[in-house]
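Contents: one structure, followed by commentary.
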Number of protein chains: 2
Amino acid sequence: MAAAAAVENGECVRVPRPTNPMVTPLLTDLYQFTMAYAYWKAGKHLDRAVFDLYFRKNPFAGEFTIFGGLEECIRFIANFKLKEEEINFLRATLPACEDGFFEYLSSIDCSDVEVYAIPEGSVVFPKVPLMIIEGPVAVVQLLETPFLSLVNYASLVTTNAARHRLVAGKPKNLLEFGLRRAQGPDGGISASRYSYMGGFDATSNVAAGRLFGIPIRGTHSHAFVSSFLGLDEIIDKRLSSSDGSNKCEDFVSLVQNWLMKIQDASSLRGTFGETNQSELAAFTSYALAFPNSFLALVDTYDVTRSGVPNFCAVALALNDMGYKAVGIRLDSGDLAYLSIETRKFFCTIEKEFGVVGFARTNITASNDLNEETIDALNKQGHEVDSFGIGTYLVTCYAQAALGCVFKLVEINKQPRIKLSEDVTKVSIPCKKRCYRLYGKEGYPLVDIMTGEDEPSPKVGERLLCRHPFIESKRAHVVPQHVEELLQCYWPGNSSKQREELPSINENRSRCMRHLDRMRPDHLRRLNPTPYKVSVSAQLYDFIHFLWLNEAPVGELQ
Amino acid sequence: MAAAAAVENGECVRVPRPTNPMVTPLLTDLYQFTMAYAYWKAGKHLDRAVFDLYFRKNPFAGEFTIFGGLEECIRFIANFKLKEEEINFLRATLPACEDGFFEYLSSIDCSDVEVYAIPEGSVVFPKVPLMIIEGPVAVVQLLETPFLSLVNYASLVTTNAARHRLVAGKPKNLLEFGLRRAQGPDGGISASRYSYMGGFDATSNVAAGRLFGIPIRGTHSHAFVSSFLGLDEIIDKRLSSSDGSNKCEDFVSLVQNWLMKIQDASSLRGTFGETNQSELAAFTSYALAFPNSFLALVDTYDVTRSGVPNFCAVALALNDMGYKAVGIRLDSGDLAYLSIETRKFFCTIEKEFGVVGFARTNITASNDLNEETIDALNKQGHEVDSFGIGTYLVTCYAQAALGCVFKLVEINKQPRIKLSEDVTKVSIPCKKRCYRLYGKEGYPLVDIMTGEDEPSPKVGERLLCRHPFIESKRAHVVPQHVEELLQCYWPGNSSKQREELPSINENRSRCMRHLDRMRPDHLRRLNPTPYKVSVSAQLYDFIHFLWLNEAPVGELQ
């Protein structure tokens, strides 16, 4: 794939294009272009502007968020250039605009834009900028919509995945199965990528696996089971043993013999009758194709009376040939009950036939799971080893959007503020620096924003942290460790060092590491404690000075 | 863009590739490939299978759905072909599979697949197949995930848009503003496309406007307003009149004079004081850039005390120069109250200064709107002419997924059923024909599914329609008009005529027409009446025969 070049410290840097080829400079709101024209007409288009990209509230009634989407933003600006046919389309769309404007548009790229950002995969909090974007106002405005589009869903779904990991617990295997229910094809691809970053182990999505190097998993569906009519459909019944030392000429009979043995076993007698023979044929056929990785979907007809006994017959036949069956998948019904019954059945098989380890055969569950249902399963008790999660994960069903915004905070070194009758919507002016302060026990205590030129917080020095809007909320902190949050990922023409984009696995590890070191009450599902976000005393005073300055004085009548 | 060719009745048909280049045969679940291998190993891969694509429940607590996504499905299969590098990736992912399988995979396309579908934009109901896909089982399985991914969200967001249109009413202007909050970039692009199909008038999304020929709208944001510091920033103050007959050398002074006149007008005296001068500069500057389409966002500082008076000053100055301002946009606060206050202000301006038509200046509202808030605005009374709708529309916040499924209903002419303890999840077997029956008053009465070879319902002939699962629910119908629902959009090797893919405007008109002819109680927001979906007596009997045949008999203990 083609890539753009940028010159950095005399070196040529190549950053690949955005993963989705539809991410182009036209993937933006028309008003970004009408504003660009108005800036250009007013001769203001080169005014140096600073924008903050941030969100106002954590999603899913939680008190944390994971930042995702940075790499795609950097790919976007690294390759930002309007093509001739795109300019022509804009010309036709905005016939009132002068020719010179389109010449200007065709000249722009992001070589004089600077982007600072928190590393992808970090735990982040409201109001603190995830990204600070500085550059010519007309150009940076054009970036607003694509950046928001690339960050909002990425951060939302990464957070959702991390929440699922927290509730499921570390030992469980988490599989993302959402492609078919995602909001469009790249909703599905992004969901796979960012679910992995947020702590999932694998995806069913082949394209995402290929694009991002994520482990891919999958076995078979109900349709496979019901496509078989009976065992006589299986023509080639041979199976070589795992070590190649011998060959079973009629694996179907071996399976049938095992089914009879299970039916006759004293400890299982009467628990099930005739099993479904088309299901048995499907399982046998699948085992012949994948003897090393046999996992069967057992709920097409009846889990306990057909699916599990059929699975066990095939698994025991495979065992005779030196193969170890992987397990079963439950896709409907009472998953707590069915997983426990299945585990009991596996234990009985292990005891009855002396197959060591059979009791621990994997149980995967996958029916419309989400944080709440996993939490409920945990409370009831269950025997599920792996969760396959689709719809609720990838569509972020519990809250389908994160409200990241992109606000002007400074232009030509003049701080700017956006007021609102809703105080949570007032923007925090100035180009800022942001820090995370850690306490004695190693937990992060508070994030603090300061003006760009203020001295940075020092370890061991007492510091006043103020709530940005509520006068009475303030606290002294003596940090044991200070971390600057934003790094330079795109230096533009400045001489700053460009931070490399980490791999997806590095971002995934960062996410796990950040969650591990949070104080647990910030992460809990019910009534989590809000993490504190503050401003320095100096920034506080400046915000309120500017606020009074810009707000009109009312006239009571 | 490259396109594939298919031979149809001796003619070569070219269908463009999917709109999103990421939609490839690998955009599927891995289990489609593992199943394909198991079919191939069993020699079953060419078995002729029929799958139904349908949903089980209407979204948004409603009783109707609009079908979207068909064109992309047809584009997908028309161009279905695995590339060598894709085969190589699969080979590495599935090392247990034999070489012959990959040779088979590299040979397949969709030339022997047949696709029948309800036209895109139609009103549709649960259980009735939106699409019927027939072909070699291994190939059709590979289509499952991409088809679901292309139909689920498309249908969901089209339905959501149609619901917003119903609640807003036909005369209102509906604008889709959701790109920044959509679930990823093509979530945004698809949302724009299908919102238009569902009845929206325009989008802010430039890329979608270009791809699909949808009208594009946009003006400016809060950042534009706050980027100005004062009127002295405006260097070029000249404005030619609309007809070119004269030129104002100092449009800024003209605006300032009008602001003073408004402040001094007897009927407005005391309603506002000093307005925000950076806002006035931004409005003036925007008007100089777009004198013919001046629309101002008036809530950056204060709507009634600053934004609206500033807008009126600029609008009256434009009026002096022969231009008509378009209107204002409200993006926060109490939209009912603010729109009414703004309208009063406009009326006063019209009267006070004799500017005919000023009272009818457009008012657009755009803050986190959805069906509920528009309904609430309607009940309170408001003066909004246009609604800009983003987050709640494009993410389908009220219900973020539609649960379309893809179920095997027949293989090698043998009907198949998928059972479930949840009766609503039992599939309806057999390749079917589906009809909509209309009553005397012109309303659709019921949809009916029959076996493929049953005679079709006849106008004026009494017919028994049965609920597919509940024995006691049945009704006689004498249809006044009978419409067959599915048409052939991809004939494969059959001799059937291929239905052309209609334009987006045709689909949009179909959607509007279908909604117009529904009985209103099916469409209402609160407690809508379910529309009836039935099967023929013969199909009913067959379903229940098969059900008993496949279900295991329990053993009570």
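Ordering of the structure tokens sets the chain letters (A, B, ...); residue numbers start at 1 within each chain; ligands are numbered from 1 in the order shown.
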
For Met512 of chain A, find every residue with an atom within 12 Å (counting only C-alpha atoms), except residues of its own chain fewer than 4 positions away, and show them as a short mmCIF file (atom, residue, chain, number, x, y, z; two decimals) with N, CA, C and O atoms, in the first residue's frame.
data_model
loop_
_atom_site.label_atom_id
_atom_site.label_comp_id
_atom_site.auth_asym_id
_atom_site.auth_seq_id
_atom_site.Cartn_x
_atom_site.Cartn_y
_atom_site.Cartn_z
N ILE A 66 -10.76 3.84 27.89
CA ILE A 66 -9.49 3.50 27.26
C ILE A 66 -9.41 4.25 25.92
O ILE A 66 -10.35 4.21 25.14
N GLY A 121 -4.33 3.01 24.12
CA GLY A 121 -4.42 1.92 25.10
C GLY A 121 -4.33 2.42 26.54
O GLY A 121 -4.47 1.63 27.47
N SER A 122 -4.11 3.72 26.73
CA SER A 122 -4.03 4.27 28.10
C SER A 122 -5.42 4.38 28.72
O SER A 122 -6.42 4.60 28.03
N VAL A 123 -5.46 4.30 30.06
CA VAL A 123 -6.66 4.67 30.79
C VAL A 123 -6.73 6.19 30.81
O VAL A 123 -5.75 6.85 31.15
N THR A 158 -12.99 -0.15 22.72
CA THR A 158 -11.87 -0.63 23.55
C THR A 158 -12.28 -0.63 25.02
O THR A 158 -12.02 -1.60 25.75
N THR A 159 -12.94 0.43 25.44
CA THR A 159 -13.42 0.51 26.82
C THR A 159 -14.41 -0.62 27.12
O THR A 159 -14.34 -1.28 28.16
N ALA A 161 -14.63 -3.51 25.67
CA ALA A 161 -13.90 -4.78 25.75
C ALA A 161 -13.19 -4.90 27.09
O ALA A 161 -13.24 -5.96 27.74
N ALA A 162 -12.56 -3.82 27.54
CA ALA A 162 -11.85 -3.85 28.82
C ALA A 162 -12.82 -4.14 29.96
O ALA A 162 -12.50 -4.88 30.90
N ARG A 163 -14.02 -3.58 29.87
CA ARG A 163 -15.03 -3.82 30.91
C ARG A 163 -15.45 -5.30 30.91
O ARG A 163 -15.68 -5.90 31.96
N ARG A 165 -13.55 -7.76 29.97
CA ARG A 165 -12.42 -8.50 30.54
C ARG A 165 -12.45 -8.40 32.07
O ARG A 165 -12.25 -9.40 32.76
N LEU A 166 -12.72 -7.21 32.59
CA LEU A 166 -12.74 -7.05 34.05
C LEU A 166 -13.81 -7.95 34.67
O LEU A 166 -13.57 -8.59 35.69
N GLY A 169 -12.88 -11.82 34.24
CA GLY A 169 -11.70 -12.28 34.98
C GLY A 169 -10.60 -12.71 34.02
O GLY A 169 -10.87 -13.11 32.88
N LYS A 170 -9.37 -12.61 34.51
CA LYS A 170 -8.22 -12.87 33.63
C LYS A 170 -8.13 -14.29 33.07
O LYS A 170 -7.70 -14.46 31.94
N TYR A 196 -9.58 -6.56 20.81
CA TYR A 196 -8.31 -7.22 21.14
C TYR A 196 -7.45 -6.27 21.99
O TYR A 196 -6.90 -6.65 23.03
N MET A 197 -7.37 -5.01 21.58
CA MET A 197 -6.58 -4.04 22.35
C MET A 197 -7.11 -3.92 23.77
O MET A 197 -6.34 -3.76 24.72
N GLY A 198 -8.43 -4.01 23.94
CA GLY A 198 -9.03 -3.88 25.26
C GLY A 198 -8.97 -5.16 26.09
O GLY A 198 -9.49 -5.19 27.20
N GLY A 199 -8.39 -6.23 25.56
CA GLY A 199 -8.18 -7.41 26.39
C GLY A 199 -8.79 -8.70 25.90
O GLY A 199 -8.71 -9.72 26.60
N PHE A 200 -9.42 -8.70 24.72
CA PHE A 200 -9.93 -9.96 24.20
C PHE A 200 -8.75 -10.82 23.69
O PHE A 200 -7.66 -10.30 23.44
N ASN A 505 -0.08 -5.06 19.98
CA ASN A 505 0.21 -5.83 21.19
C ASN A 505 0.80 -4.95 22.30
O ASN A 505 0.49 -5.15 23.48
N GLU A 506 1.60 -3.97 21.92
CA GLU A 506 2.10 -3.03 22.94
C GLU A 506 0.94 -2.22 23.53
O GLU A 506 0.87 -2.00 24.74
N ASN A 507 0.02 -1.78 22.66
CA ASN A 507 -1.12 -1.01 23.16
C ASN A 507 -2.00 -1.87 24.07
O ASN A 507 -2.53 -1.40 25.07
N ARG A 508 -2.16 -3.15 23.69
CA ARG A 508 -2.96 -4.07 24.49
C ARG A 508 -2.30 -4.25 25.87
O ARG A 508 -2.96 -4.21 26.91
N ASP A 516 -4.46 -2.60 35.69
CA ASP A 516 -3.93 -3.26 36.89
C ASP A 516 -3.51 -2.28 37.97
O ASP A 516 -3.60 -2.58 39.15
N ARG A 517 -3.02 -1.11 37.56
CA ARG A 517 -2.50 -0.23 38.61
C ARG A 517 -3.53 0.82 39.06
O ARG A 517 -3.21 1.68 39.87
N MET A 518 -4.76 0.76 38.54
CA MET A 518 -5.80 1.67 39.05
C MET A 518 -6.29 1.19 40.41
O MET A 518 -6.33 -0.01 40.67
#

- Item | All residues 12 Å or closer to Gln141 of chain B, only C-alpha atoms, same chain fewer than 2 positions away omitted, as a PyMOL selection string | (chain A and resi 220-224+227) or (chain B and resi 25+28-39+45-53+110+113+133-139+143-148+406-408)

- Query: What lies within 10 Å of segment 332-346 of chain B using only C-alpha atoms, ignoring chain neighbours under 6 positions off, as JSON, numbers by chain?
  - Reply: {"A": [420, 421, 422, 425], "B": [267, 268, 271, 298, 299, 300, 302, 303, 304, 307, 308, 309, 312, 352, 355, 357, 358, 359, 360, 361, 362, 363, 364, 365, 366, 367, 368, 373, 374, 376, 377, 378, 379, 380, 381, 382, 383, 384, 385]}

Just N, CA and C atoms for this one: save the residues we selected as a compact mmCIF listing (two decimals), in the first residue's frame.
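Output (part-v6.txt):
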# COMPACT_ATOMS: atom_id res chain seq x y z
N SER A 420 -21.39 27.72 27.86
CA SER A 420 -22.63 26.97 27.70
C SER A 420 -23.42 27.13 28.97
N GLU A 421 -24.76 27.07 28.84
CA GLU A 421 -25.57 27.13 30.06
C GLU A 421 -25.34 25.87 30.89
N ASP A 422 -24.91 24.81 30.24
CA ASP A 422 -24.57 23.58 30.94
C ASP A 422 -23.07 23.65 31.26
N LYS A 425 -20.30 21.66 29.77
CA LYS A 425 -19.98 21.86 28.35
C LYS A 425 -19.06 23.05 28.11
N SER B 267 -39.69 48.31 20.36
CA SER B 267 -40.27 47.03 20.76
C SER B 267 -39.21 46.05 21.28
N LEU B 268 -37.93 46.38 21.15
CA LEU B 268 -36.88 45.45 21.60
C LEU B 268 -36.05 46.04 22.73
N THR B 271 -34.30 44.18 25.89
CA THR B 271 -34.29 42.71 25.83
C THR B 271 -32.87 42.17 25.80
N VAL B 298 -25.97 30.27 16.80
CA VAL B 298 -26.16 31.44 17.67
C VAL B 298 -25.98 31.15 19.17
N ASP B 299 -25.47 29.96 19.53
CA ASP B 299 -25.43 29.65 20.97
C ASP B 299 -24.03 29.55 21.55
N THR B 300 -23.05 30.15 20.90
CA THR B 300 -21.69 30.05 21.46
C THR B 300 -21.59 30.80 22.78
N ASP B 302 -24.51 33.29 24.10
CA ASP B 302 -25.84 33.39 24.71
C ASP B 302 -26.85 33.64 23.59
N VAL B 303 -27.82 32.74 23.44
CA VAL B 303 -28.71 32.78 22.28
C VAL B 303 -29.49 34.09 22.21
N THR B 304 -30.25 34.39 23.25
CA THR B 304 -31.18 35.52 23.15
C THR B 304 -30.49 36.87 23.38
N GLY B 307 -26.50 35.92 20.38
CA GLY B 307 -26.51 35.24 19.08
C GLY B 307 -27.59 35.75 18.14
N VAL B 308 -28.83 35.80 18.62
CA VAL B 308 -29.93 36.17 17.74
C VAL B 308 -29.86 37.65 17.35
N PRO B 309 -29.61 38.58 18.30
CA PRO B 309 -29.46 39.98 17.87
C PRO B 309 -28.30 40.16 16.88
N CYS B 312 -29.41 38.95 13.52
CA CYS B 312 -30.37 39.85 12.87
C CYS B 312 -29.67 41.09 12.29
N GLU B 352 -40.96 45.79 12.90
CA GLU B 352 -40.26 47.03 13.26
C GLU B 352 -39.60 47.67 12.04
N VAL B 355 -39.32 44.39 7.02
CA VAL B 355 -38.63 43.46 6.12
C VAL B 355 -39.52 42.25 5.89
N GLY B 357 -41.17 38.89 5.20
CA GLY B 357 -40.69 37.50 5.20
C GLY B 357 -39.66 37.21 6.27
N PHE B 358 -39.18 38.23 6.96
CA PHE B 358 -38.12 38.00 7.95
C PHE B 358 -38.60 37.06 9.06
N ALA B 359 -39.88 37.15 9.37
CA ALA B 359 -40.43 36.32 10.45
C ALA B 359 -40.28 34.84 10.14
N ARG B 360 -40.23 34.51 8.87
CA ARG B 360 -40.17 33.09 8.49
C ARG B 360 -38.73 32.59 8.29
N THR B 361 -37.75 33.38 8.70
CA THR B 361 -36.35 32.95 8.63
C THR B 361 -36.19 31.58 9.30
N ASN B 362 -35.39 30.74 8.67
CA ASN B 362 -35.28 29.34 9.11
C ASN B 362 -34.64 29.19 10.49
N ILE B 363 -35.21 28.29 11.29
CA ILE B 363 -34.62 27.93 12.59
C ILE B 363 -34.28 26.44 12.56
N THR B 364 -32.99 26.15 12.67
CA THR B 364 -32.52 24.76 12.71
C THR B 364 -32.15 24.43 14.15
N ALA B 365 -32.48 23.22 14.59
CA ALA B 365 -32.09 22.78 15.94
C ALA B 365 -31.27 21.51 15.81
N SER B 366 -30.29 21.36 16.70
CA SER B 366 -29.37 20.23 16.50
C SER B 366 -28.67 19.69 17.73
N ASN B 367 -29.26 19.68 18.86
CA ASN B 367 -28.53 19.20 20.04
C ASN B 367 -29.03 17.85 20.53
N ASP B 368 -28.30 16.77 20.22
CA ASP B 368 -28.64 15.43 20.72
C ASP B 368 -30.12 15.08 20.52
N THR B 373 -37.08 13.29 21.77
CA THR B 373 -37.00 14.73 21.99
C THR B 373 -37.82 15.48 20.94
N ILE B 374 -37.88 14.96 19.72
CA ILE B 374 -38.71 15.64 18.70
C ILE B 374 -40.19 15.51 19.07
N ALA B 376 -41.31 15.24 22.09
CA ALA B 376 -41.52 16.15 23.22
C ALA B 376 -41.62 17.60 22.73
N LEU B 377 -40.79 17.97 21.76
CA LEU B 377 -40.87 19.33 21.20
C LEU B 377 -42.23 19.56 20.55
N ASN B 378 -42.69 18.56 19.81
CA ASN B 378 -44.01 18.69 19.18
C ASN B 378 -45.10 18.94 20.22
N LYS B 379 -45.00 18.22 21.32
CA LYS B 379 -46.04 18.35 22.35
C LYS B 379 -45.98 19.70 23.05
N GLN B 380 -44.74 20.21 23.27
CA GLN B 380 -44.61 21.51 23.93
C GLN B 380 -44.95 22.67 23.01
N GLY B 381 -44.79 22.44 21.70
CA GLY B 381 -44.87 23.55 20.76
C GLY B 381 -43.48 24.10 20.54
N HIS B 382 -43.12 24.35 19.30
CA HIS B 382 -41.79 24.88 18.99
C HIS B 382 -41.85 25.58 17.65
N GLU B 383 -40.77 26.23 17.28
CA GLU B 383 -40.72 26.97 16.01
C GLU B 383 -39.55 26.50 15.14
N VAL B 384 -39.17 25.22 15.32
CA VAL B 384 -38.04 24.69 14.56
C VAL B 384 -38.50 24.28 13.16
N ASP B 385 -37.75 24.67 12.15
CA ASP B 385 -38.07 24.28 10.76
C ASP B 385 -37.24 23.09 10.31

- Find the residues around Glu249 of chain A up to 12 Å (only C-alpha atoms counted), leave out those fewer than 5 positions away in its own chain, and share them as a ChimeraX atom specification. /A:235-241,254,288,321

- Message: What's the separation between atom CA of Lys261 of chain B and atom CA of Ala289 of chain B, in Å to one decimal place?
- Response: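 It comes out at 24.0 Å.
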
- Considering only C-alpha atoms, return as a VMD selection string whatever protein or nucleic-acid residues lie within 7 Å of Arg305 of chain A, sequence-local ones (same chain, fewer than 5 positions apart) excluded. chain A and resid 272 to 273 275

Selected residues written out, all heavy atoms, as an mmCIF file, in the first residue's frame:
data_model
loop_
_atom_site.group_PDB
_atom_site.id
_atom_site.type_symbol
_atom_site.label_atom_id
_atom_site.label_comp_id
_atom_site.auth_asym_id
_atom_site.auth_seq_id
_atom_site.Cartn_x
_atom_site.Cartn_y
_atom_site.Cartn_z
ATOM 1 N N PHE A 272 -30.486 -39.719 28.889
ATOM 2 C CA PHE A 272 -30.890 -39.308 27.538
ATOM 3 C C PHE A 272 -31.305 -40.533 26.734
ATOM 4 O O PHE A 272 -30.943 -41.664 27.087
ATOM 5 C CB PHE A 272 -29.766 -38.536 26.833
ATOM 6 C CG PHE A 272 -28.535 -39.359 26.551
ATOM 7 C CD1 PHE A 272 -28.320 -39.899 25.283
ATOM 8 C CD2 PHE A 272 -27.594 -39.599 27.554
ATOM 9 C CE1 PHE A 272 -27.187 -40.654 25.038
ATOM 10 C CE2 PHE A 272 -26.461 -40.357 27.292
ATOM 11 C CZ PHE A 272 -26.249 -40.887 26.037
ATOM 12 N N GLY A 273 -32.102 -40.314 25.706
ATOM 13 C CA GLY A 273 -32.572 -41.442 24.883
ATOM 14 C C GLY A 273 -31.842 -41.461 23.555
ATOM 15 O O GLY A 273 -30.617 -41.405 23.498
ATOM 16 N N THR A 275 -30.312 -39.942 20.402
ATOM 17 C CA THR A 275 -29.814 -38.604 20.054
ATOM 18 C C THR A 275 -30.124 -38.329 18.586
ATOM 19 O O THR A 275 -30.449 -39.234 17.816
ATOM 20 C CB THR A 275 -28.290 -38.501 20.274
ATOM 21 O OG1 THR A 275 -27.652 -39.431 19.389
ATOM 22 C CG2 THR A 275 -27.915 -38.809 21.714
#

- Message: Can you tell me, as an NGL selection string, which residues in segment 310-485 of chain B count as strand (DSSP E) by DSSP?
- Response: :B and (327-330 or 362-365 or 386-389 or 405-411 or 414-415 or 432-438 or 444-451 or 463-466 or 474-477 or 481-484)

- Item | Which of segment 133-199 of chain B DSSP labels alpha helix (DSSP H), written as a PyMOL selection string | chain B and resi 137-168+185-197

- If we count only C-alpha atoms, what is near segment 531-539 of chain A at a cut-off of 8 Å, once residues fewer than 2 positions away on the same chain are taken out, given as an NGL selection string? :A and (63-64 or 125-128 or 445-451 or 464-468 or 522 or 529 or 541-543)

- Item | Contacts of Ser192 of chain B at 7 Å (only C-alpha atoms; same-chain gap of 4+ positions) as a list in words |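 Non-adjacent residues within range: Glu176, Gly188, Tyr196, Thr203, Asn205 and Ala208 of chain B.
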
- Rounded to one decimal place, report the atom CA of Leu150 of chain B-atom CA of Glu114 of chain B distance in Å.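 These atoms are spaced 17.6 Å apart.
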